[in-house]
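File shown: run-v7.cif (mmCIF, C-alpha atoms and all ligand atoms).
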```
data_work
#
loop_
_atom_site.label_atom_id
_atom_site.label_comp_id
_atom_site.auth_asym_id
_atom_site.auth_seq_id
_atom_site.Cartn_x
_atom_site.Cartn_y
_atom_site.Cartn_z
CA MET A 830 5.62 14.46 -32.31
CA GLU A 831 5.16 14.39 -28.56
CA THR A 832 1.90 15.42 -26.97
CA ALA A 833 1.59 18.20 -24.43
CA ASN A 834 1.01 15.57 -21.76
CA GLU A 835 4.19 13.79 -22.72
CA LYS A 836 6.10 17.05 -22.46
CA SER A 837 4.65 17.68 -19.02
CA ALA A 838 6.07 14.34 -17.97
CA SER A 839 9.56 15.47 -18.87
CA LEU A 840 11.91 14.80 -16.03
CA SER A 841 15.63 14.65 -15.93
CA PHE A 842 15.13 11.98 -13.37
CA LEU A 843 18.62 10.83 -12.67
CA SER A 844 20.01 14.30 -12.24
CA SER A 845 17.44 15.04 -9.57
CA TYR A 846 18.31 12.27 -7.14
CA PRO A 847 18.50 13.44 -3.57
CA THR A 848 21.90 13.72 -1.97
CA CYS A 849 21.48 11.62 1.14
CA TRP A 850 24.92 10.49 2.30
CA SER A 851 26.47 12.69 4.99
CA THR A 852 29.99 11.61 4.16
CA ASN A 853 31.56 12.80 0.95
CA GLN A 854 32.13 9.63 -1.00
CA SER A 855 33.75 10.82 -4.18
CA THR A 856 34.59 7.35 -5.33
CA GLY A 857 32.53 6.28 -8.35
CA PRO A 858 31.80 2.76 -9.48
CA GLU A 859 34.68 2.72 -11.94
CA ILE A 860 37.26 3.23 -9.16
CA CYS A 861 35.30 1.82 -6.31
CA SER A 862 37.74 -0.62 -4.83
CA ASP A 863 40.42 0.63 -2.50
CA PRO A 864 43.75 -0.84 -3.63
CA GLY A 865 44.83 -0.98 -0.02
CA GLU A 866 41.89 -3.15 0.98
CA PRO A 867 41.48 -5.72 -1.77
CA TRP A 868 39.64 -8.11 0.57
CA LEU A 869 36.73 -5.69 0.50
CA ASP A 870 36.19 -6.24 -3.21
CA ALA A 871 33.47 -8.30 -4.78
CA GLU A 872 32.77 -8.83 -8.45
CA ILE A 873 29.33 -8.49 -10.04
CA VAL A 874 28.94 -9.53 -13.67
CA VAL A 875 26.49 -7.46 -15.69
CA GLU A 876 25.79 -8.23 -19.37
CA GLY A 877 29.07 -10.13 -19.50
CA LYS A 878 31.09 -7.24 -18.02
CA SER A 879 32.73 -7.45 -14.63
CA VAL A 880 32.11 -4.62 -12.15
CA VAL A 881 34.26 -4.54 -9.03
CA VAL A 882 32.39 -3.23 -5.99
CA ASN A 883 33.35 -2.38 -2.45
CA ARG A 884 31.56 -4.72 -0.07
CA SER A 885 31.94 -2.48 2.93
CA ILE A 886 30.29 0.60 1.41
CA LEU A 887 27.48 -1.31 -0.28
CA SER A 888 26.76 -3.24 2.91
CA GLU A 889 26.54 -0.01 4.85
CA ARG A 890 24.01 1.51 2.48
CA SER A 891 21.84 -1.42 1.45
CA GLN A 892 20.33 -4.13 3.62
CA PHE A 893 20.30 -6.36 0.59
CA PHE A 894 24.06 -6.10 0.10
CA HIS A 895 24.64 -6.36 3.83
CA ARG A 896 23.00 -9.77 3.84
CA LEU A 897 24.59 -10.76 0.53
CA PHE A 898 28.14 -10.04 1.62
CA ASN A 899 27.49 -11.48 5.05
CA LEU A 900 29.65 -9.00 6.94
CA ARG A 901 30.80 -10.02 10.37
CA ASN A 902 29.71 -8.00 13.38
CA ASP A 903 33.11 -6.32 13.63
CA GLY A 904 32.82 -5.11 10.03
CA SER A 905 35.43 -7.47 8.64
CA VAL A 906 34.71 -9.82 5.78
CA SER A 907 35.85 -13.23 4.73
CA GLU A 908 38.88 -13.42 2.46
CA GLY A 909 38.68 -13.89 -1.27
CA LYS A 910 36.73 -11.97 -3.91
CA PRO A 911 33.21 -13.34 -4.27
CA LYS A 912 31.63 -13.20 -7.69
CA TYR A 913 27.95 -12.76 -8.48
CA LEU A 914 25.79 -12.59 -11.56
CA LEU A 915 23.46 -9.60 -11.56
CA THR A 916 20.75 -11.76 -13.14
CA ASP A 917 20.80 -13.85 -9.93
CA LEU A 918 20.64 -10.77 -7.71
CA VAL A 919 17.77 -9.18 -9.68
CA PRO A 920 15.89 -12.23 -10.98
CA HIS A 921 12.58 -10.66 -12.06
CA GLY A 922 13.68 -7.91 -14.41
CA LYS A 923 16.50 -7.05 -16.77
CA VAL A 924 19.01 -4.49 -15.45
CA GLY A 925 21.69 -3.39 -17.91
CA PHE A 926 25.29 -2.31 -17.34
CA GLU A 927 24.51 1.41 -17.43
CA ALA A 928 21.54 1.19 -15.05
CA PHE A 929 23.54 -0.90 -12.59
CA ASN A 930 26.37 1.65 -12.65
CA ASP A 931 23.90 4.49 -12.07
CA ILE A 932 22.60 2.72 -8.98
CA LEU A 933 26.15 2.00 -7.78
CA LEU A 934 27.06 5.65 -8.21
CA TYR A 935 24.10 6.58 -6.04
CA LEU A 936 25.12 4.08 -3.38
CA TYR A 937 28.67 5.41 -3.31
CA THR A 938 27.97 9.13 -3.51
CA GLY A 939 24.29 9.80 -2.84
CA MET A 940 24.23 11.59 -6.17
CA THR A 941 24.16 10.69 -9.78
CA LYS A 942 24.55 12.07 -13.28
CA GLU A 943 22.13 12.48 -16.16
CA SER A 944 20.73 9.24 -17.50
CA PRO A 945 22.94 8.07 -20.39
CA PRO A 946 21.11 8.98 -23.62
CA GLU A 947 22.53 6.00 -25.48
CA VAL A 948 20.37 3.69 -23.36
CA SER A 949 17.51 5.98 -22.35
CA ALA A 950 16.70 7.69 -25.65
CA CYS A 951 15.44 6.39 -28.98
CA VAL A 952 16.72 7.06 -32.51
CA ASP A 953 13.67 9.00 -33.65
CA ASP A 954 14.80 12.59 -34.34
CA ALA A 955 11.24 13.84 -33.75
CA CYS A 956 11.14 12.42 -30.22
CA VAL A 957 11.94 14.45 -27.08
CA HIS A 958 12.58 11.22 -25.13
CA VAL A 959 10.29 11.78 -22.19
CA SER A 960 8.00 8.80 -22.66
CA CYS A 961 9.37 6.76 -25.53
CA PRO A 962 10.02 3.04 -24.92
CA PRO A 963 13.80 3.37 -24.21
CA THR A 964 13.08 6.10 -21.61
CA ILE A 965 10.42 3.96 -19.96
CA ASN A 966 12.50 0.80 -20.12
CA TYR A 967 15.48 2.53 -18.54
CA ALA A 968 13.33 3.81 -15.66
CA VAL A 969 11.94 0.27 -15.33
CA GLU A 970 15.48 -1.15 -15.16
CA LEU A 971 16.34 1.32 -12.41
CA ILE A 972 13.29 0.49 -10.33
CA TYR A 973 13.98 -3.25 -10.63
CA ALA A 974 17.49 -2.63 -9.29
CA CYS A 975 16.38 -0.25 -6.52
CA ALA A 976 13.65 -2.64 -5.38
CA ALA A 977 15.99 -5.65 -5.37
CA PHE A 978 18.71 -3.73 -3.50
CA GLN A 979 16.12 -2.29 -1.08
CA ILE A 980 17.00 1.35 -1.69
CA THR A 981 13.64 2.62 -0.51
CA GLU A 982 14.08 6.34 -1.26
CA LEU A 983 14.91 5.58 -4.91
CA VAL A 984 12.04 3.10 -5.19
CA SER A 985 9.67 5.90 -4.09
CA TYR A 986 11.28 8.31 -6.50
CA PHE A 987 11.06 6.03 -9.52
CA GLN A 988 7.56 4.97 -8.61
CA CYS A 989 6.52 8.64 -8.86
CA LEU A 990 8.25 8.95 -12.21
CA LEU A 991 6.64 5.80 -13.55
CA LEU A 992 3.22 6.95 -12.33
CA ILE A 993 3.57 9.99 -14.58
CA LEU A 994 4.75 7.86 -17.48
CA ALA A 995 1.94 5.33 -16.99
CA GLU A 996 -0.61 8.11 -17.35
CA ASN A 997 0.99 9.72 -20.40
CA ALA A 998 2.81 7.12 -22.48
CA PRO A 999 1.12 5.20 -25.33
CA VAL A 1000 -0.90 2.47 -23.63
CA GLU A 1001 1.07 -0.46 -25.04
CA ASP A 1002 4.18 0.99 -23.36
CA VAL A 1003 2.42 0.86 -19.98
CA ILE A 1004 2.66 -2.95 -19.97
CA PRO A 1005 6.35 -3.15 -18.91
CA ILE A 1006 5.59 -0.63 -16.15
CA LEU A 1007 2.72 -2.79 -14.92
CA VAL A 1008 4.88 -5.93 -15.00
CA ALA A 1009 7.58 -4.13 -13.00
CA ALA A 1010 4.98 -2.92 -10.49
CA LEU A 1011 3.84 -6.52 -10.03
CA HIS A 1012 7.33 -7.90 -9.49
CA CYS A 1013 8.42 -5.05 -7.22
CA GLN A 1014 5.09 -5.10 -5.32
CA LEU A 1015 4.39 -1.43 -5.94
CA ASN A 1016 0.67 -1.27 -5.27
CA ARG A 1017 0.07 2.36 -6.20
CA LEU A 1018 1.84 1.95 -9.53
CA HIS A 1019 0.07 -1.36 -10.14
CA SER A 1020 -3.34 0.23 -9.56
CA CYS A 1021 -2.54 3.22 -11.81
CA CYS A 1022 -1.42 0.96 -14.69
CA ILE A 1023 -4.46 -1.30 -14.35
CA GLN A 1024 -6.82 1.69 -14.47
CA ARG A 1025 -5.04 3.21 -17.46
CA ILE A 1026 -5.13 -0.02 -19.46
CA ALA A 1027 -8.77 -0.69 -18.52
CA ARG A 1028 -9.72 2.73 -19.94
CA SER A 1029 -7.85 2.06 -23.18
CA ASN A 1030 -8.75 0.11 -26.30
CA LEU A 1031 -5.96 -2.41 -25.80
CA ASP A 1032 -7.57 -5.64 -26.96
CA ASN A 1033 -8.09 -8.80 -24.91
CA VAL A 1034 -5.70 -10.80 -27.07
CA CYS A 1035 -2.87 -8.40 -26.19
CA LEU A 1036 -3.80 -8.49 -22.49
CA GLU A 1037 -3.82 -12.27 -22.43
CA LYS A 1038 -0.55 -12.65 -24.34
CA GLU A 1039 1.46 -10.04 -22.47
CA LEU A 1040 0.17 -10.09 -18.90
CA PRO A 1041 -0.30 -12.76 -16.23
CA ASP A 1042 -3.79 -14.32 -16.22
CA GLU A 1043 -4.87 -12.75 -12.95
CA VAL A 1044 -3.90 -9.27 -14.16
CA SER A 1045 -5.65 -9.54 -17.52
CA SER A 1046 -8.74 -10.87 -15.70
CA GLU A 1047 -8.63 -7.91 -13.31
CA ILE A 1048 -8.52 -5.47 -16.23
CA LYS A 1049 -11.41 -7.21 -18.01
CA SER A 1050 -13.49 -7.13 -14.80
CA LEU A 1051 -12.80 -3.43 -14.42
CA ARG A 1052 -13.98 -2.82 -17.96
CA VAL A 1053 -17.20 -4.77 -17.40
CA LYS A 1054 -17.85 -2.87 -14.17
CA SER A 1055 -17.12 0.45 -15.83
CA ASN A 1056 -19.49 -0.33 -18.71
CA GLN A 1057 -22.25 -1.29 -16.26
CA GLU A 1058 -21.78 1.83 -14.15
CA SER A 1059 -21.74 4.18 -17.13
CA GLU A 1060 -24.59 2.26 -18.78
CA ALA A 1061 -22.70 2.85 -22.00
CA ASN A 1062 -24.18 1.24 -25.06
CA ILE A 1063 -20.96 -0.54 -25.96
CA LYS A 1064 -21.23 -3.14 -28.65
CA GLU A 1065 -21.20 -6.59 -27.10
CA VAL A 1066 -18.60 -9.02 -28.34
CA ASP A 1067 -20.19 -12.17 -29.77
CA PRO A 1068 -18.79 -14.92 -27.51
CA MET A 1069 -19.07 -17.53 -30.26
CA HIS A 1070 -17.10 -15.32 -32.65
CA GLU A 1071 -14.46 -14.69 -29.98
CA LYS A 1072 -14.19 -18.41 -29.29
CA ARG A 1073 -13.62 -19.16 -32.96
CA VAL A 1074 -11.03 -16.41 -33.28
CA ARG A 1075 -9.16 -17.80 -30.29
CA ARG A 1076 -9.12 -21.25 -31.87
CA ILE A 1077 -7.62 -19.78 -35.02
CA HIS A 1078 -4.96 -18.06 -32.94
CA LYS A 1079 -4.22 -21.29 -31.08
CA ALA A 1080 -3.80 -23.13 -34.38
CA LEU A 1081 -1.23 -20.47 -35.33
CA ASP A 1082 0.49 -20.79 -31.96
CA SER A 1083 0.92 -24.50 -32.51
CA ASP A 1084 1.93 -24.13 -36.16
CA ASP A 1085 -0.97 -26.44 -37.08
CA PHE A 1086 -2.02 -25.39 -40.56
CA GLU A 1087 -4.11 -28.48 -41.09
CA LEU A 1088 -6.23 -27.44 -38.11
CA LEU A 1089 -6.25 -23.82 -39.31
CA ASN A 1090 -7.67 -24.83 -42.69
CA LEU A 1091 -10.26 -27.03 -41.00
CA LEU A 1092 -11.35 -24.15 -38.75
CA LEU A 1093 -11.57 -21.71 -41.64
CA ASN A 1094 -13.72 -24.18 -43.58
CA GLU A 1095 -15.94 -25.04 -40.64
CA TYR A 1096 -16.45 -21.58 -39.20
CA GLU A 1097 -17.79 -18.54 -40.94
CA VAL A 1098 -14.68 -16.66 -39.90
CA THR A 1099 -11.94 -15.49 -42.26
CA LEU A 1100 -8.28 -14.82 -41.50
CA ASP A 1101 -9.11 -11.11 -41.66
CA ASP A 1102 -12.01 -11.53 -39.18
CA ALA A 1103 -9.49 -13.05 -36.77
CA PHE A 1104 -6.81 -10.46 -37.59
CA ALA A 1105 -4.65 -13.52 -38.11
CA LEU A 1106 -1.80 -11.65 -39.82
CA HIS A 1107 -1.68 -9.09 -37.01
CA TYR A 1108 -1.61 -11.90 -34.47
CA ALA A 1109 1.09 -13.87 -36.28
CA ALA A 1110 3.21 -10.72 -36.83
CA ALA A 1111 3.09 -9.98 -33.10
CA TYR A 1112 3.38 -13.39 -31.51
CA CYS A 1113 4.25 -16.22 -33.90
CA ASN A 1114 7.46 -17.65 -35.25
CA PRO A 1115 8.51 -15.80 -38.48
CA LYS A 1116 8.18 -19.09 -40.36
CA VAL A 1117 4.54 -19.40 -39.25
CA PHE A 1118 3.93 -15.79 -40.22
CA LYS A 1119 5.34 -16.41 -43.69
CA GLU A 1120 3.22 -19.51 -44.11
CA VAL A 1121 -0.03 -17.81 -43.17
CA LEU A 1122 0.84 -14.87 -45.42
CA ASN A 1123 1.57 -17.26 -48.30
CA MET A 1124 -1.94 -18.70 -47.98
CA GLY A 1125 -2.96 -15.53 -49.83
CA LEU A 1126 -6.26 -15.32 -47.94
CA ALA A 1127 -5.60 -12.23 -45.84
CA ASP A 1128 -5.47 -8.53 -46.64
CA LEU A 1129 -1.89 -7.36 -46.18
CA ASN A 1130 -2.86 -3.76 -45.47
CA LEU A 1131 -5.88 -4.41 -43.26
CA LYS A 1132 -6.11 -2.16 -40.20
CA ASP A 1133 -7.15 -3.47 -36.80
CA ALA A 1134 -9.49 -1.77 -34.34
CA ARG A 1135 -6.61 0.44 -33.20
CA GLY A 1136 -5.81 1.61 -36.73
CA ARG A 1137 -2.65 -0.47 -37.16
CA THR A 1138 -1.61 -2.41 -40.24
CA VAL A 1139 0.31 -5.67 -39.97
CA LEU A 1140 3.49 -3.72 -40.80
CA HIS A 1141 2.92 -1.41 -37.80
CA VAL A 1142 2.58 -4.44 -35.53
CA ALA A 1143 5.72 -6.03 -37.00
CA ALA A 1144 7.66 -2.77 -36.61
CA ARG A 1145 6.84 -2.73 -32.92
CA ARG A 1146 7.99 -6.33 -32.52
CA LYS A 1147 11.26 -5.57 -34.38
CA GLU A 1148 11.61 -8.98 -35.98
CA PRO A 1149 13.54 -8.50 -39.25
CA ALA A 1150 12.33 -11.74 -40.85
CA VAL A 1151 8.68 -10.72 -40.42
CA LEU A 1152 9.31 -7.20 -41.73
CA GLU A 1153 11.26 -8.46 -44.72
CA THR A 1154 8.52 -10.94 -45.62
CA LEU A 1155 5.86 -8.26 -45.38
CA LEU A 1156 7.80 -5.75 -47.49
CA SER A 1157 8.61 -8.37 -50.13
CA LYS A 1158 4.88 -9.05 -50.45
CA GLY A 1159 4.07 -5.38 -50.96
CA ALA A 1160 3.09 -4.06 -47.54
CA CYS A 1161 2.72 -0.27 -47.68
CA ALA A 1162 5.56 1.35 -45.70
CA SER A 1163 4.05 4.85 -45.90
CA GLU A 1164 0.75 3.85 -44.26
CA THR A 1165 0.20 5.61 -40.92
CA THR A 1166 -1.50 4.59 -37.69
CA SER A 1167 -4.52 6.53 -36.43
CA ASP A 1168 -2.10 8.79 -34.52
CA GLY A 1169 0.00 9.45 -37.62
CA ARG A 1170 2.97 7.12 -37.14
CA THR A 1171 4.60 5.17 -39.95
CA ALA A 1172 6.20 1.76 -39.40
CA VAL A 1173 9.71 3.19 -39.54
CA ALA A 1174 8.80 5.88 -36.96
CA ILE A 1175 7.48 3.16 -34.65
CA CYS A 1176 10.64 1.14 -35.15
CA ARG A 1177 12.96 4.12 -34.56
CA ARG A 1178 11.08 5.00 -31.39
CA MET A 1179 11.44 1.44 -30.08
CA THR A 1180 15.21 1.41 -30.65
CA ARG A 1181 17.87 2.57 -28.19
CA ARG A 1182 20.68 4.72 -29.56
CA LYS A 1183 23.27 2.31 -28.22
CA ASP A 1184 21.89 -0.63 -30.17
CA TYR A 1185 21.57 1.32 -33.39
CA ILE A 1186 24.94 3.12 -33.21
CA GLU A 1187 26.93 0.05 -32.21
CA ALA A 1188 25.47 -1.93 -35.05
CA SER A 1189 26.14 0.85 -37.55
CA LYS A 1190 29.74 1.22 -36.41
CA GLN A 1191 30.56 -2.42 -36.64
CA GLY A 1192 28.36 -3.16 -39.64
CA GLN A 1193 26.69 -5.95 -37.73
CA GLU A 1194 23.84 -6.70 -40.05
CA THR A 1195 22.68 -9.40 -37.69
CA ASN A 1196 21.60 -6.76 -35.17
CA LYS A 1197 17.83 -6.89 -35.25
CA ASP A 1198 17.24 -3.27 -34.25
CA TRP A 1199 19.48 -1.93 -36.97
CA LEU A 1200 18.20 -4.36 -39.57
CA CYS A 1201 14.53 -3.50 -39.01
CA ILE A 1202 15.13 0.23 -39.45
CA ALA A 1203 17.36 -0.44 -42.46
CA PHE A 1204 14.67 -2.57 -44.17
CA LEU A 1205 11.98 0.04 -43.64
CA GLU A 1206 14.18 2.97 -44.68
CA ARG A 1207 15.28 1.09 -47.81
CA GLU A 1208 11.63 0.49 -48.72
CA ILE A 1209 10.80 4.17 -48.26
CA ARG A 1210 13.82 5.17 -50.41
CA ARG A 1211 12.81 2.64 -53.05
CA ASN A 1212 9.25 3.97 -53.15
CA SER A 1213 10.54 7.51 -53.28
CA MET A 1214 12.92 6.67 -56.15
CA SER A 1215 10.28 4.80 -58.11
CA GLY A 1216 7.95 7.77 -57.58
CA ASN A 1217 10.62 10.13 -58.90
CA LEU A 1218 11.40 7.81 -61.78
CA ALA A 1219 7.74 7.60 -62.70
CA MET A 1220 7.60 11.41 -62.66
CA SER A 1221 10.76 11.63 -64.74
CA ALA A 1222 9.42 9.08 -67.16
CA ASP A 1223 6.24 11.13 -67.61
CA VAL A 1224 8.22 14.31 -68.30
CA MET A 1225 10.68 12.55 -70.60
CA GLY A 1226 7.86 10.68 -72.26
CA ASP A 1227 6.22 13.96 -73.24
CA ALA A 1228 9.50 15.29 -74.64
CA PHE A 1229 10.17 12.10 -76.56
CA GLN A 1230 6.67 12.11 -78.00
CA MET A 1231 7.23 15.61 -79.34
CA LYS A 1232 10.55 14.50 -80.82
CA LEU A 1233 8.86 11.39 -82.22
CA ASP A 1234 6.29 13.48 -84.06
CA TYR A 1235 9.08 15.58 -85.46
CA LEU A 1236 11.19 12.57 -86.51
CA GLU A 1237 8.26 10.78 -88.06
CA LYS A 1238 7.90 13.75 -90.30
CA LYS A 1239 11.60 13.54 -91.07
CA GLY A 1240 11.31 9.79 -91.78
CA ASP A 1241 14.39 8.94 -89.70
CA ILE A 1242 13.50 5.29 -89.06
CA TYR A 1243 16.68 4.35 -87.19
CA PHE A 1244 16.32 7.09 -84.66
CA LEU A 1245 12.66 6.16 -84.23
CA VAL A 1246 13.63 2.64 -83.15
CA LEU A 1247 16.01 4.08 -80.56
CA VAL A 1248 13.35 6.45 -79.23
CA HIS A 1249 10.79 3.64 -78.98
CA CYS A 1250 13.30 1.62 -76.97
CA LEU A 1251 13.87 4.54 -74.61
CA LEU A 1252 10.13 4.99 -74.19
CA ILE A 1253 9.80 1.33 -73.22
CA VAL A 1254 12.62 1.70 -70.69
CA PHE A 1255 11.08 4.77 -69.06
CA ALA A 1256 7.48 3.57 -69.28
ZN ZN B 1 12.67 8.96 -27.76
#
```

Hey, can you dump this file as structure tokens for me?
Amino acid sequence: METANEKSASLSFLSSYPTCWSTNQSTGPEICSDPGEPWLDAEIVVEGKSVVVNRSILSERSQFFHRLFNLRNDGSVSEGKPKYLLTDLVPHGKVGFEAFNDILLYLYTGMTKESPPEVSACVDDACVHVSCPPTINYAVELIYACAAFQITELVSYFQCLLLILAENAPVEDVIPILVAALHCQLNRLHSCCIQRIARSNLDNVCLEKELPDEVSSEIKSLRVKSNQESEANIKEVDPMHEKRVRRIHKALDSDDFELLNLLLNEYEVTLDDAFALHYAAAYCNPKVFKEVLNMGLADLNLKDARGRTVLHVAARRKEPAVLETLLSKGACASETTSDGRTAVAICRRMTRRKDYIEASKQGQETNKDWLCIAFLEREIRRNSMSGNLAMSADVMGDAFQMKLDYLEKKGDIYFLVLVHCLLIVFA
């Protein structure tokens, strides 16, 4: 369920673009090139798909494209159709086909349509898609494109949207916003994300693994300063313990199990003390995760300081091999986080509709998004069926026992054997 804050952040952001072009450019990105002026075309390849764009219009409305297409002073262009990869034009962040077309539509018309739900909404039926990861990631894609193409009014617009999301989304989903703010040099957004994360219980390991060193250091400094100012009696972390935990994590990073065993023997720190399974589920190769799990020294259903089991962490990562290993070893799929989310709910909320639907249509069982949800749903169904079977067995067991008493009196030995067999089957 969404919180009230999340609902307040609801914005149909693409439909509310300003209309800024004075001329009525009805041409959309799909029909952008004028057949009469083929020399104005350029080709931009996005996610393997070719998009033909009109150099003249884009140059007129974006300084970036003006420089890219190198228009002559008289407005003419060199002959031939140049070809570009979008990943070269927007090097710091991923921009998908749909986001690129939304930005093109804005450049051509000054307007746009609703954001496509297949790439900006998740597959969780309980979600209203205002601050789930696909919604955030789509807004992040758009701001990467706007910043690279120097469309200042849209950068301002999406910065405002992301400021709202950064304050209201689950804190782990603020990280891609912060990374985008860094790359796009959006100081206000950067500051907001830093403050939000500093106030949260996101652990240092996560900060160090997912953010640049200078940013994680800035957040840690803010936390120290905040603790000093509030004079809060916050439990100090034992630096020696933290050092040992880090060494255990490094041994996992380097797949060095000999070192790991040495550390465990030398230090008075267990795999559970180091939340080693959580760490491996989030950051290590699935093979390493399986190996540490097979050591049999860690609690499979242990919860970390944020109330997450290893399965919750693996569901967020969406790595099928890790999830399958965990479920095969008996991880509890119905366990919830401190805010009431199961692993499958986490996984559904992380998954875009496009990825899930495409995989379902084509039966591509190699699609990681689809596979992860399928594994978790199968486990829930299996548990549900075994629960029902156990219930049925109890009911049938009572009925058979009554029949057994009756038959014993009748002395029907052959039927008794059959009934005993059935009782064994349903036991
Ligand atoms: Zn959603």

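If you look at atom CA of Cys989 of chain A and atom CA of Phe893 of chain A, they are 22.5 Å away from each other.
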
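Taking only C-alpha atoms and all ligand atoms into account, ligand ZN 1 (chain B) lies nearest to A:Asp954 out of the set A:Glu1058, A:Glu1071, A:Asp917, A:Asp954.
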
Protein and nucleic residues near ligand ZN 1 (chain B), 9 Å, all atoms listed in the file, as number ranges by chain: A: 949-964, 1177-1181

Would you export the selected residues with C-alpha atoms as a PDB file, in the frame of the given file, please?
```
ATOM      1  CA  SER A 949      17.510   5.980 -22.350  1.00  0.00           C
ATOM      2  CA  ALA A 950      16.700   7.690 -25.650  1.00  0.00           C
ATOM      3  CA  CYS A 951      15.440   6.390 -28.980  1.00  0.00           C
ATOM      4  CA  VAL A 952      16.720   7.060 -32.510  1.00  0.00           C
ATOM      5  CA  ASP A 953      13.670   9.000 -33.650  1.00  0.00           C
ATOM      6  CA  ASP A 954      14.800  12.590 -34.340  1.00  0.00           C
ATOM      7  CA  ALA A 955      11.240  13.840 -33.750  1.00  0.00           C
ATOM      8  CA  CYS A 956      11.140  12.420 -30.220  1.00  0.00           C
ATOM      9  CA  VAL A 957      11.940  14.450 -27.080  1.00  0.00           C
ATOM     10  CA  HIS A 958      12.580  11.220 -25.130  1.00  0.00           C
ATOM     11  CA  VAL A 959      10.290  11.780 -22.190  1.00  0.00           C
ATOM     12  CA  SER A 960       8.000   8.800 -22.660  1.00  0.00           C
ATOM     13  CA  CYS A 961       9.370   6.760 -25.530  1.00  0.00           C
ATOM     14  CA  PRO A 962      10.020   3.040 -24.920  1.00  0.00           C
ATOM     15  CA  PRO A 963      13.800   3.370 -24.210  1.00  0.00           C
ATOM     16  CA  THR A 964      13.080   6.100 -21.610  1.00  0.00           C
ATOM     17  CA  ARG A1177      12.960   4.120 -34.560  1.00  0.00           C
ATOM     18  CA  ARG A1178      11.080   5.000 -31.390  1.00  0.00           C
ATOM     19  CA  MET A1179      11.440   1.440 -30.080  1.00  0.00           C
ATOM     20  CA  THR A1180      15.210   1.410 -30.650  1.00  0.00           C
ATOM     21  CA  ARG A1181      17.870   2.570 -28.190  1.00  0.00           C
TER      22      ARG A1181
END
```

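Residue nearest Leu1140 of chain A, chosen from A:Val1173, A:Ile1006, A:Leu983, A:Val1117 and counting all atoms listed in the file: A:Val1173.
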
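Pairwise distance (atom CA of Tyr1112 of chain A, atom CA of Ala1010 of chain A) equals 23.5 Å.
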
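Between Glu996 of chain A and the candidates A:Leu1018, A:Ala1174, A:Cys1161, A:Ile972, the tightest atom-to-atom separation, counting only C-alpha atoms, involves A:Leu1018.
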
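Between His1141 of chain A and the residues A:Ala1127, A:Leu933, A:Cys1201, A:Ala1103, the shortest atom-to-atom distance, using all atoms listed in the file, involves A:Cys1201.
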
Within 8 Å of segment 1031-1034 of chain A using all atoms listed in the file, minus same-chain residues under 6 positions, as a PDB file with C-alpha atoms, in the frame of the given file:
```
ATOM      1  CA  VAL A1000      -0.900   2.470 -23.630  1.00  0.00           C
ATOM      2  CA  GLU A1001       1.070  -0.460 -25.040  1.00  0.00           C
ATOM      3  CA  SER A1045      -5.650  -9.540 -17.520  1.00  0.00           C
ATOM      4  CA  LYS A1049     -11.410  -7.210 -18.010  1.00  0.00           C
ATOM      5  CA  ARG A1135      -6.610   0.440 -33.200  1.00  0.00           C
TER       6      ARG A1135
END
```

I need the residue nearest Ala1080 of chain A from this list: A:Ala1160, A:Cys1113, A:Ala977, A:Ala1143. Use all atoms listed in the file for the distance. A:Cys1113

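Across the model, the gap from atom CA of Lys942 of chain A to atom CA of Ile886 of chain A is 19.5 Å.
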
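Using only C-alpha atoms, the smallest distance between any of A:Asn966, A:Gln1057, A:Thr941, A:Ser885 and Gly925 of chain A comes from A:Asn966.
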
Residues around (21.6, 7.8, -17.9), cut-off 8 Å, counting all atoms listed in the file - what are they as a ChimeraX atom specification? /A:843,927-928,931,942-949

Identify the residues around (2.9, -8.3, -17.6) within a radius of 6 Å, measuring from all atoms listed in the file in the coordinates stated by the file, and give them as a ChimeraX atom specification. /A:1004,1008,1039-1041
